[in-house]
Amino acid sequence: MGCGTCFGCCAPHAITMTYSISNRTYIPFIDEKKCIECGICLKVCPGLQMDNTLSTDEMRNTGIVKSIIGKVKKCYIGYSSDASICFNASSGGIVPALASFMLDTKAVDGVVAAEMDPLSPFDAKPIICKSRDDILKTTGSKYCPVATNSVMGDNQIPGLNSLLWIGLPCHIQGLCKARKYSPLKKTRSILSLGLLCGGCRGQEATKWIVKSRKHPIGTVKNVRYRGGGWPGKMKVEFKDNPAPLELPYSEYVDSYFESWQPWRCSLCLDRTSQMADISLGDAWLPEFKNDRNGISLIVTRTDAGEATIQKAAQAGAISIVEKDFDTIINAQKGLMRDCTSIIVPTLLLSRKLKRPVPDFKYDDSDSTPVNTVRIMRRFFMMAITRQMTQSRTLFFILHGVKFVARKAMLKK
Ligand SMILES: Cc1cc2nc3c(=O)[nH]c(=O)nc-3n(C[C@H](O)[C@H](O)[C@H](O)COP(=O)(O)OP(=O)(O)OC[C@H]3O[C@@H](n4cnc5c(N)ncnc54)[C@H](O)[C@@H]3O)c2cc1C
């Protein structure tokens with residue numbers, strides 16, 4: 001998965017995480033001379049197994065959509081009361097607002113988050129934030145992979161008593177598994193904020209966007225995927241050109257971008273960070289279609305998560321309105337549709353083909369019958385599209401064929 005949990009838990013430091021183009025994420029390499037074969041890397045790996053917060057009986061009674069959402073205490077929509085956080089964040093800035101509030105009120109000693117690497121513009125890396133200024137550096141979604149959990153082995157961790165951990169569902173699943181094995185066992189309390197996740201995309205997706213707009217990769221200084229209002233825009237800054245490349249969200253999230261999703265993300269059914277204390281995403285609701293500031297969808301799952309939201313709201317750090325359970329479904333129709341019509345059939349087909357699939361409890365009884373041809377066509381098209389982003393010749397040939405075919409059809 002490239003989450004970094006194995007790296008963070010490996011006591012003899014036998015693992016290195018390296019970005020792999022073919023896997024479209026970071027993968028661990030094991031130095032066999034250092035490895036003591038303790039097996040902890042496999043025990044903590046969320047790529048192999050993920051937990052679901054509902055029991056099998058609860059899933060059977062509630063159906064697949066509820067088993068995808070998991071246990072819910074309360075649901076809210078809201079935004080940060082700080083207008084500058086809201087403007088620079090992805091969707092209302094609840095995540096940075098909570099992080100900043102918890103550091104200011106000393107509820108935590110540190111916040112684990114992700115920032116774009118200032119030395120390597122297409123990479124994002126974990127950071128342990130100790131101040132509001134650090135938090136401001138982390139605002140906005142990073143659609144490239146981040147090995148956030150590699151920070152578990154950081155020298156600073158044993159000195160921190162309480163932490164706020166921000167991550168994708170894989171990071172939060174890894175965090176839950178790793179607590180008893182990593183240096184985190186000395187940390188008294190950890191509150192987790194999990195993002196909703198449609199999957200990350202390998203760095204080549206971003207490089208393609210830059211190349212296809214006729215900018216050399218080597219001139220890129222900085223990349224941001226979201227921010228600047230809602231739903232925000234991608235902003236690429238250059239070393240030799242003061243004019244940045246700016247693309248609205250809807251313009252760069254296309255089939256070329258999507259084709260770079262890592263294979264393991266295509267098999268992931270924890271899209272809502274089920275194991276987090278609080279899950280957060282965009283409130284893609286019709287009533288906010290024309291909103292330009294951003295509204296976050298907030299799902300509390302534990303008492304600690306609910307208490308944190310209430311404290312932040314009472315202190316005026318965030319503004320929230322309580323909503324019912326169906327709001328989650330209505331705000332995430334695309335995510336739910338992906339789970340039922342793409343991921344579940346892909347898991348079932350992969351199982352039939354005896355390909356390795358992650359161990360995750362889910363109820364597939366009300367999923368549509370496996371449409372083998374449709375799923376195979378989808379992955380075949382993604383592979384071709386990915387190749388098109390790598391080869392200009394293939395890109396022009398296939399576009400030429402498409403153009404000629406369309407003309408012929410029109411003539412007919
Ligand atoms: C890969 C990805 C896919 C997503 N898919 C969906 C989706 O399908 N539906 C949906 O509603 N929301 C999705 N989100 C979440 C959404 O984009 C917002 O991040 C979320 O709504 C919180 O917004 P915010 O304004 O509160 O905070 P933001 O300002 O966006 O802060 C986000 C926080 O998350 C951390 N972070 C960002 N990217 C990563 C990453 N790749 N790995 C680990 N930590 C990271 C940052 O450090 C920051 O602390 C996705 C996010 C990512 C990164």
# chains A, B, ... in the order shown; residues from 1 in each chain; ligands from 1
$ residues_near_ligand --ligand "ligand 1" --cutoff "6 Å" --atoms "only C-alpha atoms and all ligand atoms" --output "count of residues only"
35
$ select_by_dssp --residues "range 250-303 of chain A" --states "alpha helix (DSSP H)" --output "PyMOL selection string"
chain A and resi 250-252+255-258+263-266+303
$ residues_around --residues "range 391-399 of chain A" --least-positions-apart "3" --cutoff "12 Å" --atoms "only C-alpha atoms" --output "short mmCIF file (atom, residue, chain, number, x, y, z; two decimals) with C-alpha atoms, in the first residue's frame"
data_model
loop_
_atom_site.label_atom_id
_atom_site.label_comp_id
_atom_site.auth_asym_id
_atom_site.auth_seq_id
_atom_site.Cartn_x
_atom_site.Cartn_y
_atom_site.Cartn_z
CA TRP A 208 1.64 13.79 -17.01
CA LYS A 211 4.10 17.49 -19.40
CA SER A 212 0.80 17.58 -21.29
CA TYR A 256 -5.42 9.94 -17.43
CA MET A 381 -8.58 0.74 -20.60
CA ILE A 384 -3.80 1.62 -22.12
CA THR A 385 -4.52 5.14 -20.82
CA ARG A 386 -1.52 4.86 -18.49
CA GLN A 387 0.69 3.84 -21.40
CA MET A 388 -0.62 6.85 -23.36
CA LYS A 402 -10.42 7.58 -32.24
CA PHE A 403 -10.77 10.69 -34.43
CA VAL A 404 -11.02 8.67 -37.67
CA ALA A 405 -13.48 6.19 -36.08
CA ARG A 406 -15.69 9.04 -34.83
#
$ closest_residue --among "A:Asp359, A:Trp284, A:Pro345, A:Asp270" --to "Cys45 in chain A" --atoms "only C-alpha atoms"
A:Asp359
$ closest_residue --among "A:Trp230, A:Phe122, A:Phe380, A:Trp263" --to "Gly218 in chain A" --atoms "only C-alpha atoms"
A:Phe122
$ closest_residue --among "A:Asp51, A:Asp104, A:Asp109, A:Glu204" --to "Tyr19 in chain A" --atoms "only C-alpha atoms"
A:Glu204
$ residues_around --residues "Gly174 in chain A" --least-positions-apart "3" --cutoff "10 Å" --atoms "only C-alpha atoms" --output "PyMOL selection string"
chain A and resi 3-6+43-47+49-50+149+168-171+177-179+275
$ write_last_selection --atoms "C-alpha atoms" --output "mmCIF file, in the first residue's frame"
data_model
loop_
_atom_site.group_PDB
_atom_site.id
_atom_site.type_symbol
_atom_site.label_atom_id
_atom_site.label_comp_id
_atom_site.auth_asym_id
_atom_site.auth_seq_id
_atom_site.Cartn_x
_atom_site.Cartn_y
_atom_site.Cartn_z
ATOM 1 C CA CYS A 3 1.661 3.479 3.874
ATOM 2 C CA GLY A 4 5.029 3.024 5.625
ATOM 3 C CA THR A 5 3.719 1.041 8.633
ATOM 4 C CA CYS A 6 6.219 -1.829 8.166
ATOM 5 C CA LYS A 43 1.404 -8.459 11.279
ATOM 6 C CA VAL A 44 1.053 -4.669 10.969
ATOM 7 C CA CYS A 45 0.483 -4.515 7.195
ATOM 8 C CA PRO A 46 -2.936 -3.070 6.306
ATOM 9 C CA GLY A 47 -2.327 -4.172 2.713
ATOM 10 C CA GLN A 49 -5.753 -7.320 6.217
ATOM 11 C CA MET A 50 -8.070 -4.486 7.251
ATOM 12 C CA ASN A 149 3.313 5.733 8.965
ATOM 13 C CA LEU A 168 -5.886 7.983 4.797
ATOM 14 C CA PRO A 169 -7.819 4.802 5.718
ATOM 15 C CA CYS A 170 -4.683 2.662 5.125
ATOM 16 C CA HIS A 171 -2.638 4.841 7.509
ATOM 17 C CA LYS A 177 -2.357 -2.571 14.151
ATOM 18 C CA ALA A 178 1.045 -1.072 14.922
ATOM 19 C CA ARG A 179 0.411 0.504 18.317
ATOM 20 C CA MET A 275 -11.044 2.829 12.356
#
$ residues_around --residues "range 21-24 of chain A" --least-positions-apart "5" --cutoff "7 Å" --atoms "only C-alpha atoms" --output "PyMOL selection string"
chain A and resi 201-202+260-262
$ write_last_selection --atoms "N, CA, C and O atoms" --output "PDB file, in the first residue's frame"
ATOM      1  N   ARG A 201      -2.940   8.506  -6.387  1.00  0.00           N
ATOM      2  CA  ARG A 201      -2.458   8.266  -7.760  1.00  0.00           C
ATOM      3  C   ARG A 201      -0.950   8.420  -7.765  1.00  0.00           C
ATOM      4  O   ARG A 201      -0.421   9.351  -7.143  1.00  0.00           O
ATOM      5  N   GLY A 202      -0.286   7.527  -8.506  1.00  0.00           N
ATOM      6  CA  GLY A 202       1.175   7.585  -8.574  1.00  0.00           C
ATOM      7  C   GLY A 202       1.657   8.931  -9.093  1.00  0.00           C
ATOM      8  O   GLY A 202       0.918   9.663  -9.755  1.00  0.00           O
ATOM      9  N   TRP A 260      -3.598   6.146 -12.997  1.00  0.00           N
ATOM     10  CA  TRP A 260      -2.390   5.912 -12.203  1.00  0.00           C
ATOM     11  C   TRP A 260      -2.678   5.487 -10.770  1.00  0.00           C
ATOM     12  O   TRP A 260      -1.828   5.535  -9.904  1.00  0.00           O
ATOM     13  N   GLN A 261      -3.918   5.056 -10.517  1.00  0.00           N
ATOM     14  CA  GLN A 261      -4.235   4.593  -9.169  1.00  0.00           C
ATOM     15  C   GLN A 261      -3.483   3.277  -8.885  1.00  0.00           C
ATOM     16  O   GLN A 261      -3.498   2.378  -9.723  1.00  0.00           O
ATOM     17  N   PRO A 262      -2.838   3.165  -7.727  1.00  0.00           N
ATOM     18  CA  PRO A 262      -2.164   1.887  -7.427  1.00  0.00           C
ATOM     19  C   PRO A 262      -3.172   0.735  -7.401  1.00  0.00           C
ATOM     20  O   PRO A 262      -4.333   0.934  -7.011  1.00  0.00           O
TER      21      PRO A 262
END
$ closest_residue --among "A:Gln173, A:Ser80, A:Thr389, A:Thr16" --to "Phe360 in chain A" --atoms "only C-alpha atoms"
A:Gln173
$ residues_around --residues "Tyr181 in chain A" --least-positions-apart "4" --cutoff "8 Å" --atoms "only C-alpha atoms" --output "PyMOL selection string"
chain A and resi 9+40+185
$ write_last_selection --atoms "N, CA, C and O atoms" --output "short mmCIF file (atom, residue, chain, number, x, y, z; two decimals), in the first residue's frame"
data_model
loop_
_atom_site.label_atom_id
_atom_site.label_comp_id
_atom_site.auth_asym_id
_atom_site.auth_seq_id
_atom_site.Cartn_x
_atom_site.Cartn_y
_atom_site.Cartn_z
N CYS A 9 7.76 0.16 11.98
CA CYS A 9 7.74 -0.85 13.04
C CYS A 9 8.96 -1.75 13.02
O CYS A 9 9.09 -2.62 13.89
N ILE A 40 6.96 -8.99 12.21
CA ILE A 40 6.10 -7.87 12.62
C ILE A 40 5.62 -7.07 11.41
O ILE A 40 4.47 -6.64 11.36
N LYS A 185 4.13 2.44 21.37
CA LYS A 185 3.56 1.81 22.56
C LYS A 185 3.77 2.69 23.80
O LYS A 185 3.08 2.55 24.79
#
$ residues_around --residues "range 298-308 of chain A" --least-positions-apart "4" --cutoff "7 Å" --atoms "only C-alpha atoms" --output "list of chain:residue names"
A:Lys71, A:Val72, A:Lys73, A:Lys74, A:Cys75, A:Tyr76, A:Ile77, A:Asp277, A:Ile278, A:Ser279, A:Leu280, A:Gly281, A:Ala312
$ select_by_dssp --residues "range 206-368 of chain A" --states "strand (DSSP E)" --output "PyMOL selection string"
chain A and resi 220-224+233-238+245-248+278-282+296-300+318-323
$ closest_residue --among "A:Met234, A:Leu285, A:Ile36, A:Ile320" --to "Gly334 in chain A" --atoms "only C-alpha atoms"
A:Leu285
$ atom_distance --atom1 "CA of Phe257 in chain A" --atom2 "CA of Ile209 in chain A"
7.8 Å
$ closest_residue --among "A:Leu191, A:Leu410, A:Ala124, A:Val108" --to "Leu160 in chain A" --atoms "only C-alpha atoms"
A:Val108
